[in-house]
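> Here you go, this is data-v1.cif (mmCIF, C-alpha atoms and all ligand atoms).
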data_structure
loop_
_atom_site.group_PDB
_atom_site.id
_atom_site.type_symbol
_atom_site.label_atom_id
_atom_site.label_comp_id
_atom_site.auth_asym_id
_atom_site.auth_seq_id
_atom_site.Cartn_x
_atom_site.Cartn_y
_atom_site.Cartn_z
ATOM 1 C CA MET A 1000 -55.584 -6.311 -44.329
ATOM 2 C CA SER A 1001 -58.908 -8.078 -43.859
ATOM 3 C CA MET A 1002 -61.181 -8.676 -46.852
ATOM 4 C CA THR A 1003 -64.363 -9.359 -44.846
ATOM 5 C CA VAL A 1004 -65.986 -8.177 -41.607
ATOM 6 C CA GLU A 1005 -65.616 -11.766 -40.291
ATOM 7 C CA GLU A 1006 -61.866 -11.736 -40.936
ATOM 8 C CA ALA A 1007 -61.559 -8.281 -39.369
ATOM 9 C CA GLY A 1008 -63.249 -9.584 -36.206
ATOM 10 C CA VAL A 1009 -60.421 -12.059 -35.496
ATOM 11 C CA ALA A 1010 -57.889 -10.618 -33.023
ATOM 12 C CA ARG A 1011 -54.222 -10.915 -33.971
ATOM 13 C CA ASP A 1012 -51.911 -12.568 -31.450
ATOM 14 C CA SER A 1013 -50.246 -10.064 -29.102
ATOM 15 C CA PHE A 1014 -52.315 -7.127 -30.392
ATOM 16 C CA PRO A 1015 -52.722 -4.413 -29.277
ATOM 17 C CA ARG A 1016 -49.043 -3.882 -28.510
ATOM 18 C CA GLN A 1017 -47.823 -1.846 -25.568
ATOM 19 C CA PRO A 1018 -46.416 1.677 -25.960
ATOM 20 C CA PRO A 1019 -42.621 1.938 -25.477
ATOM 21 C CA GLU A 1020 -41.180 2.670 -22.048
ATOM 22 C CA THR A 1021 -40.271 6.278 -22.810
ATOM 23 C CA PRO A 1022 -40.374 9.119 -20.257
ATOM 24 C CA PRO A 1023 -43.713 10.934 -19.879
ATOM 25 C CA ASN A 1024 -41.972 14.339 -19.796
ATOM 26 C CA VAL A 1025 -41.640 15.723 -23.318
ATOM 27 C CA PHE A 1026 -38.270 17.400 -22.693
ATOM 28 C CA GLU A 1027 -36.906 14.066 -21.462
ATOM 29 C CA GLN A 1028 -38.364 12.385 -24.564
ATOM 30 C CA LEU A 1029 -36.409 14.864 -26.687
ATOM 31 C CA SER A 1030 -33.099 14.019 -25.000
ATOM 32 C CA MET A 1031 -30.608 12.185 -27.226
ATOM 33 C CA LYS A 1032 -28.294 11.240 -24.325
ATOM 34 C CA GLY A 1033 -26.750 7.818 -24.905
ATOM 35 C CA LYS A 1034 -27.886 7.729 -28.519
ATOM 36 C CA VAL A 1035 -25.722 7.631 -31.635
ATOM 37 C CA VAL A 1036 -26.736 9.536 -34.750
ATOM 38 C CA ALA A 1037 -25.020 9.345 -38.156
ATOM 39 C CA ILE A 1038 -25.713 12.080 -40.704
ATOM 40 C CA THR A 1039 -24.668 12.328 -44.354
ATOM 41 C CA GLY A 1040 -23.871 15.734 -45.834
ATOM 42 C CA ALA A 1041 -23.015 16.794 -42.290
ATOM 43 C CA ALA A 1042 -20.245 19.337 -42.980
ATOM 44 C CA ASP A 1043 -22.577 22.219 -43.746
ATOM 45 C CA GLY A 1044 -26.131 23.314 -44.495
ATOM 46 C CA ILE A 1045 -29.056 21.236 -43.268
ATOM 47 C CA GLY A 1046 -26.848 18.249 -42.361
ATOM 48 C CA TYR A 1047 -24.648 20.286 -40.041
ATOM 49 C CA ALA A 1048 -27.715 21.896 -38.446
ATOM 50 C CA VAL A 1049 -28.963 18.360 -37.747
ATOM 51 C CA ALA A 1050 -25.596 17.356 -36.244
ATOM 52 C CA GLU A 1051 -25.696 20.455 -34.048
ATOM 53 C CA ALA A 1052 -29.256 19.679 -32.915
ATOM 54 C CA MET A 1053 -28.349 16.095 -31.974
ATOM 55 C CA ALA A 1054 -25.223 17.189 -30.084
ATOM 56 C CA GLU A 1055 -27.100 19.978 -28.279
ATOM 57 C CA ALA A 1056 -29.625 17.340 -27.160
ATOM 58 C CA GLY A 1057 -26.769 15.187 -25.788
ATOM 59 C CA GLY A 1058 -26.401 12.679 -28.642
ATOM 60 C CA ASP A 1059 -23.134 11.344 -30.077
ATOM 61 C CA VAL A 1060 -22.682 12.186 -33.748
ATOM 62 C CA ALA A 1061 -20.985 10.580 -36.743
ATOM 63 C CA LEU A 1062 -20.564 13.314 -39.357
ATOM 64 C CA TRP A 1063 -20.354 11.873 -42.868
ATOM 65 C CA TYR A 1064 -18.906 14.225 -45.479
ATOM 66 C CA ASN A 1065 -17.730 13.935 -49.064
ATOM 67 C CA SER A 1066 -15.503 16.860 -50.087
ATOM 68 C CA ASN A 1067 -15.875 19.340 -47.231
ATOM 69 C CA ASP A 1068 -13.451 18.268 -44.489
ATOM 70 C CA ALA A 1069 -14.681 21.112 -42.252
ATOM 71 C CA ALA A 1070 -16.741 18.214 -40.848
ATOM 72 C CA ILE A 1071 -13.628 17.164 -38.891
ATOM 73 C CA SER A 1072 -13.094 20.461 -37.023
ATOM 74 C CA LYS A 1073 -16.840 21.073 -36.672
ATOM 75 C CA GLY A 1074 -17.229 17.637 -35.076
ATOM 76 C CA GLU A 1075 -14.385 18.400 -32.661
ATOM 77 C CA ARG A 1076 -16.064 21.680 -31.716
ATOM 78 C CA LEU A 1077 -19.410 19.949 -31.096
ATOM 79 C CA ALA A 1078 -17.731 17.325 -28.907
ATOM 80 C CA LYS A 1079 -16.011 19.972 -26.808
ATOM 81 C CA ALA A 1080 -19.028 22.287 -26.530
ATOM 82 C CA HIS A 1081 -21.547 19.604 -25.570
ATOM 83 C CA GLY A 1082 -19.483 16.875 -23.901
ATOM 84 C CA ILE A 1083 -20.489 14.304 -26.515
ATOM 85 C CA ARG A 1084 -18.522 12.015 -28.830
ATOM 86 C CA ALA A 1085 -18.187 13.102 -32.449
ATOM 87 C CA LYS A 1086 -16.235 11.695 -35.367
ATOM 88 C CA ALA A 1087 -16.083 12.620 -39.050
ATOM 89 C CA TYR A 1088 -16.046 10.023 -41.849
ATOM 90 C CA LYS A 1089 -15.243 10.705 -45.510
ATOM 91 C CA VAL A 1090 -17.827 8.820 -47.578
ATOM 92 C CA GLU A 1091 -18.891 9.169 -51.194
ATOM 93 C CA VAL A 1092 -22.485 7.957 -50.794
ATOM 94 C CA SER A 1093 -22.736 6.619 -54.342
ATOM 95 C CA ASP A 1094 -20.000 4.093 -53.462
ATOM 96 C CA SER A 1095 -21.898 1.153 -51.942
ATOM 97 C CA THR A 1096 -18.756 -0.523 -50.606
ATOM 98 C CA LYS A 1097 -17.671 2.638 -48.802
ATOM 99 C CA VAL A 1098 -21.156 3.132 -47.345
ATOM 100 C CA GLU A 1099 -21.273 -0.467 -46.058
ATOM 101 C CA GLN A 1100 -17.742 -0.272 -44.612
ATOM 102 C CA THR A 1101 -18.362 3.068 -42.909
ATOM 103 C CA MET A 1102 -21.662 1.867 -41.436
ATOM 104 C CA GLY A 1103 -19.704 -0.977 -39.803
ATOM 105 C CA GLN A 1104 -16.978 1.415 -38.677
ATOM 106 C CA VAL A 1105 -19.496 3.735 -36.984
ATOM 107 C CA VAL A 1106 -21.008 0.806 -35.065
ATOM 108 C CA GLN A 1107 -17.517 -0.335 -34.081
ATOM 109 C CA ASP A 1108 -16.490 3.181 -32.972
ATOM 110 C CA PHE A 1109 -19.691 4.090 -31.100
ATOM 111 C CA GLY A 1110 -21.038 0.657 -30.140
ATOM 112 C CA ARG A 1111 -24.511 1.174 -31.658
ATOM 113 C CA LEU A 1112 -26.487 3.159 -34.216
ATOM 114 C CA ASP A 1113 -29.766 4.701 -33.080
ATOM 115 C CA VAL A 1114 -30.521 7.094 -35.923
ATOM 116 C CA PHE A 1115 -29.291 7.451 -39.486
ATOM 117 C CA VAL A 1116 -30.057 10.688 -41.353
ATOM 118 C CA ALA A 1117 -29.725 10.179 -45.137
ATOM 119 C CA ASN A 1118 -29.394 13.844 -46.025
ATOM 120 C CA ALA A 1119 -26.662 14.205 -48.672
ATOM 121 C CA GLY A 1120 -27.872 15.386 -52.050
ATOM 122 C CA MET A 1121 -27.011 17.415 -55.115
ATOM 123 C CA ALA A 1122 -28.693 18.994 -58.133
ATOM 124 C CA ILE A 1123 -27.804 19.836 -61.699
ATOM 125 C CA SER A 1124 -30.860 21.936 -62.451
ATOM 126 C CA LYS A 1125 -31.575 21.821 -66.174
ATOM 127 C CA ALA A 1126 -34.426 21.019 -68.531
ATOM 128 C CA ILE A 1127 -34.408 17.375 -69.637
ATOM 129 C CA THR A 1128 -33.706 18.482 -73.202
ATOM 130 C CA GLU A 1129 -30.473 20.139 -71.991
ATOM 131 C CA GLN A 1130 -29.467 17.509 -69.430
ATOM 132 C CA THR A 1131 -26.706 15.125 -70.441
ATOM 133 C CA LEU A 1132 -26.915 11.451 -69.585
ATOM 134 C CA ASP A 1133 -23.893 11.822 -67.316
ATOM 135 C CA GLU A 1134 -25.629 14.625 -65.404
ATOM 136 C CA TYR A 1135 -28.726 12.444 -65.110
ATOM 137 C CA ARG A 1136 -26.688 9.493 -63.829
ATOM 138 C CA LYS A 1137 -24.777 11.659 -61.353
ATOM 139 C CA GLN A 1138 -27.972 12.943 -59.724
ATOM 140 C CA MET A 1139 -29.464 9.446 -59.616
ATOM 141 C CA SER A 1140 -26.272 8.019 -58.120
ATOM 142 C CA VAL A 1141 -26.097 10.488 -55.230
ATOM 143 C CA ASN A 1142 -29.759 11.255 -54.520
ATOM 144 C CA VAL A 1143 -31.271 7.809 -55.143
ATOM 145 C CA ASP A 1144 -28.480 5.190 -55.066
ATOM 146 C CA GLY A 1145 -26.786 7.018 -52.167
ATOM 147 C CA VAL A 1146 -29.946 7.080 -50.060
ATOM 148 C CA PHE A 1147 -30.683 3.462 -51.008
ATOM 149 C CA TYR A 1148 -27.208 2.276 -49.938
ATOM 150 C CA CYS A 1149 -27.425 4.198 -46.649
ATOM 151 C CA ALA A 1150 -30.911 2.797 -45.981
ATOM 152 C CA LYS A 1151 -29.875 -0.748 -46.895
ATOM 153 C CA TYR A 1152 -26.816 -0.877 -44.656
ATOM 154 C CA ALA A 1153 -28.317 1.161 -41.791
ATOM 155 C CA GLY A 1154 -31.355 -1.138 -42.027
ATOM 156 C CA ALA A 1155 -29.143 -4.209 -41.655
ATOM 157 C CA VAL A 1156 -27.705 -2.751 -38.446
ATOM 158 C CA PHE A 1157 -31.177 -1.785 -37.170
ATOM 159 C CA LYS A 1158 -32.507 -5.284 -37.850
ATOM 160 C CA GLN A 1159 -29.625 -6.899 -36.019
ATOM 161 C CA GLN A 1160 -29.920 -4.501 -33.074
ATOM 162 C CA GLY A 1161 -33.711 -4.757 -32.955
ATOM 163 C CA PHE A 1162 -34.046 -0.955 -32.972
ATOM 164 C CA GLY A 1163 -33.282 1.993 -35.215
ATOM 165 C CA ASN A 1164 -34.597 5.111 -36.887
ATOM 166 C CA LEU A 1165 -34.000 6.350 -40.437
ATOM 167 C CA ILE A 1166 -34.732 9.912 -41.527
ATOM 168 C CA ILE A 1167 -34.500 10.780 -45.233
ATOM 169 C CA THR A 1168 -34.138 14.333 -46.539
ATOM 170 C CA SER A 1169 -36.371 14.627 -49.586
ATOM 171 C CA SER A 1170 -37.729 17.996 -50.790
ATOM 172 C CA ILE A 1171 -40.839 19.933 -51.712
ATOM 173 C CA SER A 1172 -39.574 19.091 -55.213
ATOM 174 C CA ALA A 1173 -41.030 15.625 -54.557
ATOM 175 C CA HIS A 1174 -44.440 17.271 -54.146
ATOM 176 C CA VAL A 1175 -44.540 20.149 -56.614
ATOM 177 C CA VAL A 1176 -42.757 21.100 -59.816
ATOM 178 C CA ASN A 1177 -40.649 24.069 -58.738
ATOM 179 C CA VAL A 1178 -40.625 27.255 -60.767
ATOM 180 C CA PRO A 1179 -39.068 28.961 -62.649
ATOM 181 C CA VAL A 1180 -36.071 26.661 -63.294
ATOM 182 C CA ASP A 1181 -36.866 23.254 -64.792
ATOM 183 C CA GLN A 1182 -35.169 20.417 -62.893
ATOM 184 C CA PRO A 1183 -37.140 17.254 -63.668
ATOM 185 C CA VAL A 1184 -34.350 14.855 -62.741
ATOM 186 C CA TYR A 1185 -33.737 16.376 -59.297
ATOM 187 C CA ASN A 1186 -37.499 16.378 -58.704
ATOM 188 C CA MET A 1187 -37.806 12.705 -59.603
ATOM 189 C CA THR A 1188 -34.887 11.708 -57.381
ATOM 190 C CA LYS A 1189 -36.571 13.365 -54.413
ATOM 191 C CA ALA A 1190 -39.920 11.714 -55.211
ATOM 192 C CA ALA A 1191 -38.153 8.329 -55.384
ATOM 193 C CA VAL A 1192 -36.621 8.581 -51.921
ATOM 194 C CA LEU A 1193 -39.875 9.887 -50.455
ATOM 195 C CA HIS A 1194 -41.627 6.696 -51.498
ATOM 196 C CA LEU A 1195 -38.663 4.575 -50.432
ATOM 197 C CA GLY A 1196 -39.021 6.066 -46.953
ATOM 198 C CA LYS A 1197 -42.717 5.275 -46.747
ATOM 199 C CA SER A 1198 -42.086 1.735 -47.987
ATOM 200 C CA LEU A 1199 -39.365 1.140 -45.399
ATOM 201 C CA ALA A 1200 -41.652 2.298 -42.581
ATOM 202 C CA ARG A 1201 -43.787 -0.732 -43.377
ATOM 203 C CA GLU A 1202 -40.939 -3.134 -44.113
ATOM 204 C CA TRP A 1203 -39.131 -2.290 -40.872
ATOM 205 C CA ARG A 1204 -42.275 -2.208 -38.675
ATOM 206 C CA GLU A 1205 -40.910 -4.832 -36.246
ATOM 207 C CA PHE A 1206 -37.627 -3.063 -35.473
ATOM 208 C CA ALA A 1207 -37.248 0.500 -36.772
ATOM 209 C CA ARG A 1208 -39.036 3.696 -37.732
ATOM 210 C CA CYS A 1209 -38.554 5.658 -40.932
ATOM 211 C CA ASN A 1210 -39.712 9.203 -41.711
ATOM 212 C CA VAL A 1211 -39.060 11.727 -44.467
ATOM 213 C CA VAL A 1212 -38.432 15.470 -44.259
ATOM 214 C CA SER A 1213 -39.385 17.576 -47.287
ATOM 215 C CA PRO A 1214 -37.807 21.018 -46.942
ATOM 216 C CA GLY A 1215 -38.704 24.039 -49.023
ATOM 217 C CA PHE A 1216 -36.031 26.630 -49.771
ATOM 218 C CA PHE A 1217 -33.383 26.921 -47.040
ATOM 219 C CA ASN A 1218 -30.399 29.280 -46.933
ATOM 220 C CA THR A 1219 -27.717 26.749 -47.883
ATOM 221 C CA LYS A 1220 -25.559 26.070 -50.951
ATOM 222 C CA MET A 1221 -28.508 24.117 -52.350
ATOM 223 C CA GLY A 1222 -31.014 26.852 -51.511
ATOM 224 C CA ALA A 1223 -32.601 29.145 -54.082
ATOM 225 C CA SER A 1224 -30.148 30.073 -56.857
ATOM 226 C CA PRO A 1225 -29.968 33.658 -58.187
ATOM 227 C CA LEU A 1226 -32.263 32.539 -61.029
ATOM 228 C CA CYS A 1227 -35.086 31.548 -58.703
ATOM 229 C CA ILE A 1228 -34.542 33.526 -55.496
ATOM 230 C CA ASN A 1229 -37.170 36.216 -56.229
ATOM 231 C CA GLU A 1230 -39.719 33.596 -57.229
ATOM 232 C CA ALA A 1231 -38.887 31.608 -54.077
ATOM 233 C CA TYR A 1232 -39.714 34.668 -51.953
ATOM 234 C CA ARG A 1233 -42.887 35.320 -53.962
ATOM 235 C CA MET A 1234 -44.090 31.701 -53.784
ATOM 236 C CA THR A 1235 -43.416 31.341 -50.059
ATOM 237 C CA PRO A 1236 -46.156 32.843 -47.876
ATOM 238 C CA GLN A 1237 -43.478 33.649 -45.265
ATOM 239 C CA GLY A 1238 -41.637 35.631 -47.966
ATOM 240 C CA ARG A 1239 -38.160 34.236 -47.324
ATOM 241 C CA GLN A 1240 -36.006 31.107 -47.266
ATOM 242 C CA GLY A 1241 -35.801 29.083 -44.077
ATOM 243 C CA HIS A 1242 -32.779 29.529 -41.809
ATOM 244 C CA THR A 1243 -31.105 26.194 -41.009
ATOM 245 C CA LYS A 1244 -31.694 26.811 -37.274
ATOM 246 C CA GLU A 1245 -35.410 26.511 -38.085
ATOM 247 C CA ILE A 1246 -35.127 22.884 -39.212
ATOM 248 C CA LYS A 1247 -33.225 21.572 -36.182
ATOM 249 C CA GLY A 1248 -36.309 21.024 -34.032
ATOM 250 C CA LEU A 1249 -38.014 18.883 -36.661
ATOM 251 C CA TYR A 1250 -35.070 16.487 -37.090
ATOM 252 C CA LEU A 1251 -34.616 16.318 -33.316
ATOM 253 C CA TYR A 1252 -38.289 15.472 -32.867
ATOM 254 C CA LEU A 1253 -38.133 12.732 -35.519
ATOM 255 C CA ALA A 1254 -34.846 11.349 -34.156
ATOM 256 C CA SER A 1255 -36.010 11.277 -30.541
ATOM 257 C CA ASP A 1256 -38.495 9.330 -28.456
ATOM 258 C CA ALA A 1257 -40.891 12.296 -28.726
ATOM 259 C CA SER A 1258 -41.939 10.863 -32.113
ATOM 260 C CA SER A 1259 -42.117 7.197 -31.043
ATOM 261 C CA TYR A 1260 -45.583 6.737 -32.643
ATOM 262 C CA GLN A 1261 -44.524 8.415 -35.888
ATOM 263 C CA THR A 1262 -43.381 6.325 -38.842
ATOM 264 C CA GLY A 1263 -43.914 6.562 -42.593
ATOM 265 C CA SER A 1264 -44.603 10.285 -42.392
ATOM 266 C CA ASP A 1265 -43.479 12.945 -44.827
ATOM 267 C CA VAL A 1266 -43.086 16.261 -43.050
ATOM 268 C CA VAL A 1267 -43.093 19.346 -45.267
ATOM 269 C CA ILE A 1268 -41.248 22.352 -43.814
ATOM 270 C CA ASP A 1269 -41.359 25.139 -46.366
ATOM 271 C CA GLY A 1270 -42.773 28.426 -45.035
ATOM 272 C CA GLY A 1271 -45.968 27.482 -46.872
ATOM 273 C CA TYR A 1272 -44.478 27.098 -50.400
ATOM 274 C CA VAL A 1273 -46.616 24.102 -51.440
ATOM 275 C CA LEU A 1274 -49.895 25.685 -50.271
ATOM 276 C CA PRO A 1275 -51.043 27.593 -53.381
HETATM 277 N N1 LIG B 1301 -31.451 24.005 -49.197
HETATM 278 C C1 LIG B 1301 -32.599 23.771 -49.769
HETATM 279 O O1 LIG B 1301 -33.290 24.690 -50.205
HETATM 280 C C2 LIG B 1301 -33.123 22.352 -49.872
HETATM 281 C C3 LIG B 1301 -34.468 22.177 -50.163
HETATM 282 C C4 LIG B 1301 -34.973 20.881 -50.254
HETATM 283 C C5 LIG B 1301 -34.148 19.799 -50.043
HETATM 284 N N2 LIG B 1301 -32.832 20.004 -49.774
HETATM 285 C C6 LIG B 1301 -32.005 18.809 -49.573
HETATM 286 O O2 LIG B 1301 -31.312 18.946 -48.347
HETATM 287 C C7 LIG B 1301 -30.147 18.124 -48.386
HETATM 288 C C8 LIG B 1301 -28.978 18.920 -47.835
HETATM 289 O O3 LIG B 1301 -28.707 20.006 -48.705
HETATM 290 P P1 LIG B 1301 -28.293 21.454 -48.168
HETATM 291 O O4 LIG B 1301 -29.379 22.357 -48.557
HETATM 292 O O5 LIG B 1301 -27.860 21.391 -46.764
HETATM 293 O O6 LIG B 1301 -27.074 21.832 -49.138
HETATM 294 P P2 LIG B 1301 -25.494 21.556 -48.936
HETATM 295 O O7 LIG B 1301 -24.982 22.348 -47.794
HETATM 296 O O8 LIG B 1301 -24.882 21.767 -50.278
HETATM 297 O O9 LIG B 1301 -25.455 20.027 -48.537
HETATM 298 C C9 LIG B 1301 -25.409 18.988 -49.470
HETATM 299 C C10 LIG B 1301 -24.533 17.944 -48.864
HETATM 300 O O10 LIG B 1301 -24.534 16.781 -49.652
HETATM 301 C C11 LIG B 1301 -23.235 16.239 -49.628
HETATM 302 N N3 LIG B 1301 -22.980 15.473 -50.826
HETATM 303 C C12 LIG B 1301 -23.160 15.855 -52.129
HETATM 304 N N4 LIG B 1301 -22.750 14.894 -52.958
HETATM 305 C C13 LIG B 1301 -22.296 13.862 -52.175
HETATM 306 C C14 LIG B 1301 -21.748 12.603 -52.450
HETATM 307 N N5 LIG B 1301 -21.557 12.154 -53.708
HETATM 308 N N6 LIG B 1301 -21.389 11.805 -51.390
HETATM 309 C C15 LIG B 1301 -21.578 12.230 -50.118
HETATM 310 N N7 LIG B 1301 -22.088 13.428 -49.809
HETATM 311 C C16 LIG B 1301 -22.439 14.238 -50.821
HETATM 312 C C17 LIG B 1301 -22.296 17.411 -49.563
HETATM 313 O O11 LIG B 1301 -21.094 16.985 -48.938
HETATM 314 P P3 LIG B 1301 -19.658 17.726 -49.146
HETATM 315 O O12 LIG B 1301 -19.939 19.211 -49.057
HETATM 316 O O13 LIG B 1301 -18.819 17.186 -48.050
HETATM 317 O O14 LIG B 1301 -19.162 17.335 -50.507
HETATM 318 C C18 LIG B 1301 -23.094 18.412 -48.760
HETATM 319 O O15 LIG B 1301 -22.722 18.401 -47.403
HETATM 320 C C19 LIG B 1301 -29.993 17.669 -49.839
HETATM 321 O O16 LIG B 1301 -30.437 16.347 -49.965
HETATM 322 C C20 LIG B 1301 -30.925 18.609 -50.606
HETATM 323 O O17 LIG B 1301 -31.410 18.015 -51.783
HETATM 324 C C21 LIG B 1301 -32.301 21.249 -49.674
#
Take the structure in this file and express it as structure tokens.
Ligand SMILES: NC(=O)c1ccc[n+]([C@@H]2O[C@H](COP(=O)([O-])OP(=O)(O)OC[C@H]3O[C@@H](n4cnc5c(N)ncnc54)[C@H](OP(=O)(O)O)[C@@H]3O)[C@@H](O)[C@H]2O)c1

Amino acid sequence: MSMTVEEAGVARDSFPRQPPETPPNVFEQLSMKGKVVAITGAADGIGYAVAEAMAEAGGDVALWYNSNDAAISKGERLAKAHGIRAKAYKVEVSDSTKVEQTMGQVVQDFGRLDVFVANAGMAISKAITEQTLDEYRKQMSVNVDGVFYCAKYAGAVFKQQGFGNLIITSSISAHVVNVPVDQPVYNMTKAAVLHLGKSLAREWREFARCNVVSPGFFNTKMGASPLCINEAYRMTPQGRQGHTKEIKGLYLYLASDASSYQTGSDVVIDGGYVLP
């Protein structure tokens, strides 16, 4: 950043840079053929929708799961249906050693890592006065530490390769205080990873992109609970939760060359929830 007009008038070496050699056709830009995408929380919900989107676009997928081993059979089905490579990996994301080891294993198995989607998350939705310290630590360990470990070790691979792309799943809870159930800890975890993502976009400017997705209510296990479903419909101008098929295009866009000039963004996809 220049402090004076005189400083700002001095050209930087090798600027402006050239755009990447990506295809001019937008459908070709959206192709994931030859690319390898790893996704956490990939057995179900938003993570599986992302895995499906990548496979449908021709990408190879590494499905990271924690407790839901349906990731194994779902990966096999994706491989068969789309002629891509898919493999499931059991990883507790709050275990830094396991995250680092698995990152290395994915690169060994697939030969490269183009995109990492740090999507796994959990919530124990309670007021802070009711929340135990263990519940607080659990949410921090999965939603913040887990994303940090994935970013750190994916970033090391990206730096070594000279290319890469991280996508973090945050939430509208990073933007607004959801009603009617108080969940301050979940909200703060999502705000933390949103700012981590923006910070990494700058840090990794020479070799990788990083963007954040902030979903509103989607029809998954972490979607609106019975306590807040009616309010979710009322607060959402579209009057419903999102279907996971409606988030696939956004992750594909961010993962692909179609978004090559996009980094540091936070894309809200919420049927209009944060508008009022
Ligand atoms: N649905 C919504 O309304 C909504 C809105 C905003 C943001 N989000 C965010 O979207 C992301 C995906 O959630 P979802 O809606 O798709 O719900 P989901 O189907 O319950 O997915 C959550 C995923 O996180 C994984 N996970 C939880 N704890 C983990 C741990 N310790 N280690 C590794 N993986 C772990 C789970 O894996 P296993 O099942 O294998 O244990 C699960 O696949 C989350 O980050 C969530 O906060 C969701």
> Leaving out Gly1120 (chain A) and any residue of its chain fewer than 5 positions from it, which residues lie within 10 Å of it when counting all atoms listed in the file, given as a list in words?
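The residues satisfying every condition are Thr1039, Gly1040, Val1092, Gln1138, Met1139, Ser1140, Val1141, Asn1142, Val1143, Gly1145, Val1146, Thr1168, Ser1169, Tyr1185, Thr1188, Lys1189 and Met1221 of chain A.
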> With C-alpha atoms retained, write the just-selected residues as a compact mmCIF listing (two decimals), in the coordinates of the input.

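After the write, part-v9.txt holds the following:
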# COMPACT_ATOMS: atom_id res chain seq x y z
CA THR A 1039 -24.67 12.33 -44.35
CA GLY A 1040 -23.87 15.73 -45.83
CA VAL A 1092 -22.48 7.96 -50.79
CA GLN A 1138 -27.97 12.94 -59.72
CA MET A 1139 -29.46 9.45 -59.62
CA SER A 1140 -26.27 8.02 -58.12
CA VAL A 1141 -26.10 10.49 -55.23
CA ASN A 1142 -29.76 11.26 -54.52
CA VAL A 1143 -31.27 7.81 -55.14
CA GLY A 1145 -26.79 7.02 -52.17
CA VAL A 1146 -29.95 7.08 -50.06
CA THR A 1168 -34.14 14.33 -46.54
CA SER A 1169 -36.37 14.63 -49.59
CA TYR A 1185 -33.74 16.38 -59.30
CA THR A 1188 -34.89 11.71 -57.38
CA LYS A 1189 -36.57 13.36 -54.41
CA MET A 1221 -28.51 24.12 -52.35
> Hey, could you pull the box centre and edge lengths for region 1095-1107 of chain A, axis-aligned, 5 Å padding per side, all listed atoms, to one decimal in Å, as JSON?

{"center_x": -19.4, "center_y": 1.4, "center_z": -43.0, "size_x": 14.9, "size_y": 14.7, "size_z": 27.9}
> Which residues of chain A have any atom within 6 Å of an atom in ligand LIG 1301 (chain B) when counting all atoms listed in the file, and what is the closest pair of atoms for each, with the distance in Å to one decimal? Order the rows by chain and rising number and write it as a Markdown table.

| residue | atom | partner | partner_atom | distance |
| --- | --- | --- | --- | --- |
| A:Gly1040 | CA | B:LIG1301 | O15 | 3.3 |
| A:Ala1041 | CA | B:LIG1301 | O15 | 5.4 |
| A:Ala1042 | CA | B:LIG1301 | O15 | 5.2 |
| A:Asp1043 | CA | B:LIG1301 | O7 | 4.7 |
| A:Gly1044 | CA | B:LIG1301 | O5 | 3.4 |
| A:Ile1045 | CA | B:LIG1301 | O5 | 3.7 |
| A:Gly1046 | CA | B:LIG1301 | O5 | 5.5 |
| A:Tyr1064 | CA | B:LIG1301 | O13 | 3.9 |
| A:Asn1065 | CA | B:LIG1301 | O13 | 3.6 |
| A:Ser1066 | CA | B:LIG1301 | O14 | 3.7 |
| A:Asn1067 | CA | B:LIG1301 | O13 | 3.7 |
| A:Val1090 | CA | B:LIG1301 | C15 | 5.7 |
| A:Glu1091 | CA | B:LIG1301 | N6 | 3.6 |
| A:Val1092 | CA | B:LIG1301 | N6 | 4.0 |
| A:Ser1093 | CA | B:LIG1301 | N5 | 5.7 |
| A:Asn1118 | CA | B:LIG1301 | O16 | 4.8 |
| A:Ala1119 | CA | B:LIG1301 | O10 | 3.5 |
| A:Gly1120 | CA | B:LIG1301 | O16 | 3.4 |
| A:Met1121 | CA | B:LIG1301 | C12 | 5.1 |
| A:Val1141 | CA | B:LIG1301 | N5 | 5.1 |
| A:Thr1168 | CA | B:LIG1301 | O16 | 5.4 |
| A:Ser1169 | CA | B:LIG1301 | C5 | 5.6 |
| A:Ser1170 | CA | B:LIG1301 | C4 | 4.0 |
| A:Pro1214 | CA | B:LIG1301 | C4 | 4.4 |
| A:Gly1215 | CA | B:LIG1301 | C3 | 4.8 |
| A:Phe1216 | CA | B:LIG1301 | O1 | 3.4 |
| A:Phe1217 | CA | B:LIG1301 | O1 | 3.9 |
| A:Asn1218 | CA | B:LIG1301 | N1 | 5.8 |
| A:Thr1219 | CA | B:LIG1301 | O4 | 4.7 |
| A:Lys1220 | CA | B:LIG1301 | O8 | 4.4 |
| A:Met1221 | CA | B:LIG1301 | O6 | 4.2 |
| A:Gly1222 | CA | B:LIG1301 | O1 | 3.4 |
| A:Ala1223 | CA | B:LIG1301 | O1 | 5.9 |
> Tell me, in Å to one decimal, how far CA of Glu1099 (chain A) is from CA of Ala1190 (chain A).
24.1 Å
> Written as a ChimeraX atom specification, which residues does the PyMOL selection byres (((chain A and resi 1164) around 6) and not hetatm) give for the file shown?
/A:1114,1163,1165,1207-1209
> With C-alpha atoms kept, could you save the residues just selected as a PDB file, in the coordinates of the input?

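File written: again-v6.pdb
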ATOM      1  CA  VAL A1114     -30.521   7.094 -35.923  1.00  0.00           C
ATOM      2  CA  GLY A1163     -33.282   1.993 -35.215  1.00  0.00           C
ATOM      3  CA  LEU A1165     -34.000   6.350 -40.437  1.00  0.00           C
ATOM      4  CA  ALA A1207     -37.248   0.500 -36.772  1.00  0.00           C
ATOM      5  CA  ARG A1208     -39.036   3.696 -37.732  1.00  0.00           C
ATOM      6  CA  CYS A1209     -38.554   5.658 -40.932  1.00  0.00           C
TER       7      CYS A1209
END
> Can you list, as a PyMOL selection string, the residues that the PyMOL selection byres (((chain A and resi 1193) around 8) and not hetatm) selects here?
chain A and resi 1167+1169+1173+1189-1192+1194-1197+1211+1265
